[in-house]
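J.: Just one file: upload25.cif, with mmCIF, C-alpha atoms.
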data_protein
loop_
_atom_site.label_atom_id
_atom_site.label_comp_id
_atom_site.auth_asym_id
_atom_site.auth_seq_id
_atom_site.Cartn_x
_atom_site.Cartn_y
_atom_site.Cartn_z
CA ILE S 1 -12.22 -18.68 -34.27
CA GLY S 2 -10.53 -20.57 -31.48
CA ASN S 3 -7.15 -21.55 -30.21
CA GLU S 4 -5.78 -25.02 -29.46
CA PHE S 5 -8.99 -26.97 -28.83
CA GLN S 6 -7.13 -30.11 -29.87
CA ALA S 7 -9.61 -32.78 -28.75
CA ALA S 8 -12.59 -30.92 -30.24
CA THR S 9 -10.69 -30.04 -33.41
CA LEU S 10 -9.94 -33.65 -34.21
CA SER S 11 -13.30 -35.11 -33.15
CA GLU S 12 -15.96 -32.48 -33.93
CA HIS S 13 -15.34 -31.63 -37.60
CA ALA S 14 -19.01 -31.04 -38.49
CA ARG S 15 -19.53 -28.75 -35.49
CA TRP S 16 -16.52 -26.63 -36.47
CA ASP S 17 -17.84 -26.34 -40.04
CA ALA S 18 -21.21 -25.18 -38.67
CA LEU S 19 -19.50 -22.64 -36.40
CA PHE S 20 -17.45 -21.21 -39.26
CA GLU S 21 -20.61 -20.90 -41.38
CA LYS S 22 -22.40 -19.05 -38.57
CA VAL S 23 -19.47 -16.69 -38.06
CA ARG S 24 -19.44 -15.85 -41.77
CA LEU S 25 -23.10 -14.81 -41.56
CA VAL S 26 -22.24 -11.98 -39.16
CA TYR S 27 -18.56 -11.31 -39.87
CA HIS S 28 -17.29 -10.67 -43.39
CA GLY S 29 -13.57 -10.36 -42.75
CA ASN S 30 -10.95 -13.09 -42.90
CA ILE S 31 -11.15 -15.87 -40.36
CA THR S 32 -8.76 -18.52 -39.12
CA TYR S 33 -8.21 -20.94 -36.27
CA ALA S 34 -4.96 -21.22 -34.28
CA ALA S 35 -4.10 -24.93 -34.22
CA ASN S 36 -1.45 -26.38 -31.95
CA TRP S 37 1.61 -27.77 -33.72
CA GLY S 38 1.67 -31.50 -34.44
CA SER S 39 -1.42 -33.66 -34.78
CA GLU S 40 -4.01 -30.91 -34.32
CA PHE S 41 -2.49 -28.78 -37.05
CA GLU S 42 -1.60 -31.66 -39.34
CA GLN S 43 -4.92 -33.53 -39.05
CA ALA S 44 -7.50 -30.74 -38.78
CA GLY S 45 -9.94 -31.20 -41.62
CA PHE S 46 -11.53 -27.77 -41.70
CA TRP S 47 -8.84 -25.62 -43.31
CA ASP S 48 -10.91 -25.37 -46.50
CA MET S 49 -13.55 -23.43 -44.51
CA LEU S 50 -11.09 -20.70 -43.48
CA ASP S 51 -9.17 -17.89 -45.15
CA PHE S 52 -5.86 -18.77 -43.52
CA ILE S 53 -4.27 -21.90 -42.14
CA SER S 54 -2.78 -21.02 -38.77
CA VAL S 55 -0.35 -22.82 -36.53
CA ASN S 56 1.03 -22.23 -33.05
CA CYS S 57 4.47 -23.48 -34.04
CA TYR S 58 6.59 -25.14 -31.39
CA TYR S 59 8.04 -28.04 -33.36
CA PRO S 60 11.37 -29.13 -31.86
CA LEU S 61 14.52 -28.30 -33.83
CA SER S 62 17.08 -30.61 -32.25
CA GLU S 63 17.60 -33.08 -29.42
CA LYS S 64 21.21 -31.93 -29.10
CA THR S 65 22.24 -29.41 -26.47
CA SER S 66 24.74 -27.82 -28.88
CA PRO S 67 23.59 -28.20 -32.50
CA THR S 68 25.19 -26.14 -35.24
CA ASP S 69 23.25 -23.34 -36.90
CA ALA S 70 23.18 -25.47 -40.06
CA GLU S 71 21.53 -28.32 -38.13
CA LEU S 72 18.95 -25.96 -36.65
CA LEU S 73 18.24 -24.51 -40.09
CA THR S 74 17.80 -27.96 -41.62
CA ALA S 75 15.39 -28.91 -38.85
CA PHE S 76 13.41 -25.69 -39.18
CA GLU S 77 13.16 -26.22 -42.94
CA HIS S 78 11.93 -29.77 -42.29
CA ASN S 79 9.22 -28.37 -40.01
CA LEU S 80 8.25 -25.88 -42.71
CA ASP S 81 7.93 -28.83 -45.12
CA ILE S 82 5.38 -30.39 -42.73
CA ILE S 83 3.43 -27.13 -42.61
CA GLU S 84 3.71 -26.60 -46.36
CA LYS S 85 2.23 -30.04 -47.00
CA VAL S 86 -0.97 -28.89 -45.25
CA GLN S 87 -0.79 -25.56 -47.05
CA LYS S 88 -0.57 -27.24 -50.46
CA LYS S 89 -3.42 -29.63 -49.68
CA TYR S 90 -5.81 -26.73 -49.01
CA ASN S 91 -4.10 -24.05 -51.13
CA LYS S 92 -4.42 -21.46 -48.37
CA PRO S 93 -1.84 -19.03 -46.99
CA VAL S 94 -0.34 -19.74 -43.57
CA ILE S 95 -0.08 -17.52 -40.52
CA PHE S 96 2.08 -18.48 -37.56
CA THR S 97 -0.33 -17.41 -34.82
CA GLU S 98 2.32 -18.23 -32.21
CA ILE S 99 6.00 -18.84 -32.62
CA GLY S 100 8.65 -18.26 -30.03
CA PHE S 101 11.67 -19.50 -28.18
CA LYS S 102 12.63 -19.25 -24.54
CA SER S 103 15.77 -17.53 -23.26
CA ILE S 104 17.41 -20.75 -22.07
CA ALA S 105 20.44 -22.81 -23.01
CA SER S 106 18.69 -25.18 -25.46
CA PRO S 107 15.29 -23.76 -26.44
CA TRP S 108 15.25 -25.85 -29.63
CA ILE S 109 14.83 -29.15 -27.75
CA ALA S 110 11.29 -28.56 -26.48
CA PRO S 111 10.14 -25.07 -27.53
CA HIS S 112 6.67 -25.62 -26.09
CA LYS S 113 7.73 -26.42 -22.52
CA ASP S 114 8.32 -24.07 -19.62
CA ALA S 115 11.86 -22.95 -18.84
CA ASP S 116 11.92 -24.85 -15.54
CA GLU S 117 15.37 -24.91 -13.99
CA GLN S 118 17.32 -24.44 -17.21
CA ALA S 119 20.00 -21.76 -17.38
CA TYR S 120 19.23 -18.32 -18.79
CA ASP S 121 20.70 -17.86 -22.27
CA GLU S 122 19.47 -15.14 -24.60
CA THR S 123 22.06 -16.06 -27.26
CA SER S 124 20.37 -19.41 -27.87
CA GLN S 125 16.99 -17.70 -28.14
CA ASP S 126 18.46 -15.31 -30.70
CA ARG S 127 19.96 -18.19 -32.72
CA CYS S 128 16.49 -19.71 -33.02
CA TYR S 129 15.02 -16.48 -34.35
CA GLN S 130 17.88 -16.04 -36.81
CA VAL S 131 17.26 -19.56 -38.11
CA MET S 132 13.51 -18.96 -38.24
CA PHE S 133 13.82 -15.83 -40.38
CA LYS S 134 16.38 -17.44 -42.66
CA ALA S 135 14.19 -20.50 -43.24
CA MET S 136 11.03 -18.45 -43.81
CA ALA S 137 12.63 -15.89 -46.13
CA ASP S 138 11.83 -17.70 -49.37
CA GLU S 139 8.39 -19.09 -48.49
CA PRO S 140 5.72 -16.94 -50.20
CA TRP S 141 2.89 -19.01 -48.69
CA ILE S 142 3.75 -17.65 -45.22
CA LYS S 143 1.69 -14.49 -44.73
CA GLY S 144 2.57 -13.53 -41.17
CA THR S 145 4.05 -14.39 -37.81
CA TYR S 146 2.99 -13.44 -34.31
CA ILE S 147 5.90 -13.61 -31.91
CA TRP S 148 5.08 -15.35 -28.63
CA LYS S 149 5.31 -13.71 -26.25
CA TRP S 150 5.45 -9.97 -26.48
CA PRO S 151 4.53 -8.45 -23.11
CA SER S 152 1.95 -5.77 -22.53
CA TYR S 153 4.19 -4.27 -19.86
CA MET S 154 7.95 -3.96 -20.13
CA ASP S 155 8.84 -5.19 -16.63
CA PHE S 156 7.65 -8.64 -17.72
CA SER S 157 11.07 -9.36 -19.23
CA LYS S 158 12.72 -8.66 -15.88
CA GLU S 159 10.26 -10.78 -13.91
CA TYR S 160 10.34 -13.73 -16.34
CA SER S 161 13.74 -13.47 -17.96
CA LYS S 162 13.85 -17.10 -19.16
CA ASP S 163 10.40 -16.96 -20.73
CA PHE S 164 9.58 -16.63 -24.44
CA ASN S 165 9.70 -12.85 -24.28
CA PRO S 166 12.36 -11.41 -26.64
CA CYS S 167 12.01 -7.87 -25.27
CA ASN S 168 15.25 -6.13 -24.28
CA LYS S 169 17.27 -9.15 -25.44
CA LEU S 170 19.40 -9.98 -28.48
CA ALA S 171 16.37 -11.53 -30.17
CA GLU S 172 14.51 -8.22 -30.14
CA LYS S 173 17.08 -6.73 -32.53
CA THR S 174 16.94 -9.80 -34.78
CA ILE S 175 13.15 -9.65 -34.91
CA SER S 176 13.13 -5.90 -35.55
CA GLU S 177 15.72 -6.11 -38.34
CA ASN S 178 13.87 -8.93 -40.07
CA TYR S 179 10.44 -7.31 -39.81
CA LYS S 180 11.91 -4.12 -41.33
CA LYS S 181 13.03 -6.16 -44.37
CA GLN S 182 9.47 -7.22 -44.99
#
Here is the file; what I need is its structure written in the form of structure tokens.
T.:
Amino acid sequence: IGNEFQAATLSEHARWDALFEKVRLVYHGNITYAANWGSEFEQAGFWDMLDFISVNCYYPLSEKTSPTDAELLTAFEHNLDIIEKVQKKYNKPVIFTEIGFKSIASPWIAPHKDADEQAYDETSQDRCYQVMFKAMADEPWIKGTYIWKWPSYMDFSKEYSKDFNPCNKLAEKTISENYKKQ
């Protein structure tokens, strides 16, 4: 029931509650809201009204240009601790409504930003996905992930090679192998 309305999410709590109540009158399936990582996700007060807590997850993993895999894993686990704190407060399962990494040299520094003039590097993108799956493997409160950004047409990966798209790159195999395990 919405996606990244950060200002309204943090200031219009009663209006969101009313909206969720109205939606439930006409829709009887599960509902959620896709909050942006950081303050919107961490401070939203309406998670008790929803079936799932959802986050568009672009928390940074390192400020270093060349962190080790162990450093990236530790950082990802720290970010999961932040998310789990919200999960425990409301006792609701979590869905990652967006999570992704660009095909650039250091996608872990600012995962939410555009690729700009950074160098193409699908190996770094793949490292991020490997770390993500390793960190999430033993977290039963995580009920799903939507990879950002899977194209609706396959030429997208050629046109925007440095973008989040893992299609036809090393990360596609990592994602496929890990989804098959689940």
J.: Which residue is closest to Trp148 in chain S? Choose from S:Pro107, S:Ile95, S:Met136, S:Asn56 and count all atoms listed in the file.
T.: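 Distance minimum relative to Trp148 in chain S lands on S:Asn56.
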J.: What is the CA of Ala35 in chain S to CA of Val55 in chain S distance in Å?
T.: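 CA of Ala35 in chain S sits 4.9 Å away from CA of Val55 in chain S.
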J.: Point out the residue among S:Ser103, S:Asn36, S:Thr74, S:Thr174 with the least atom-to-atom distance to Glu4 in chain S, counting all atoms listed in the file.
T.: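 Nearest to Glu4 in chain S: S:Asn36.
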J.: With all atoms listed in the file as the basis for distance, which of S:Val94, S:Val26, S:Leu19, S:Ile104 is at the shortest distance from Trp141 in chain S?
T.: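 Closest residue, counting all atoms listed in the file: S:Val94.
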J.: Residues within 12 Å of Ser161 in chain S, please, as number ranges by chain. Count only C-alpha atoms; anything in the same chain fewer than 6 positions from it doesn't count.
T.: S: 102-104, 115-116, 118-122, 125, 149, 151, 154-155, 167-169
J.: Within 12 Å of Thr97 in chain S, counting all atoms listed in the file, which residues show up once you throw out same-chain ones fewer than 3 positions away? Write them as a ChimeraX atom specification, please.
T.: /S:1-4,32-37,41,52-58,94,100,142-149
J.: Neighbours of His13 in chain S within 8 Å (all atoms listed in the file; same-chain residues fewer than 4 positions away dropped), as a PyMOL selection string?
T.: chain S and resi 8-9+17+44-46
J.: Which is closest to Ala137 in chain S among S:Glu172, S:Leu80, S:Ile109, S:Lys85, if we use only C-alpha atoms?
T.: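 Nearest to Ala137 in chain S: S:Leu80.
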J.: Which range 3-84 of chain S residues have any atom within 7 Å of an atom of range 131-135 of chain S, and for each, what is the nearest pair of atoms with distance in Å to one decimal, counting all atoms listed in the file, rows sorted by chain and number, as a Markdown table?
T.:
| residue | atom | partner | partner_atom | distance |
| --- | --- | --- | --- | --- |
| S:Leu72 | CA | S:Val131 | CA | 6.8 |
| S:Leu73 | CA | S:Val131 | CA | 5.4 |
| S:Phe76 | CA | S:Ala135 | CA | 6.6 |
| S:Glu77 | CA | S:Ala135 | CA | 5.8 |
J.: Counting only C-alpha atoms, which of S:Tyr179, S:Phe96, S:Tyr153, S:Phe101 gets nearest to Pro166 in chain S?
T.: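 Under the stated criterion, the closest residue is S:Phe101.
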J.: I'd like the interatomic distance between CA of Asp81 in chain S and CA of Glu40 in chain S, to a tenth of an Å.
T.: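 So the answer is 16.2 Å.
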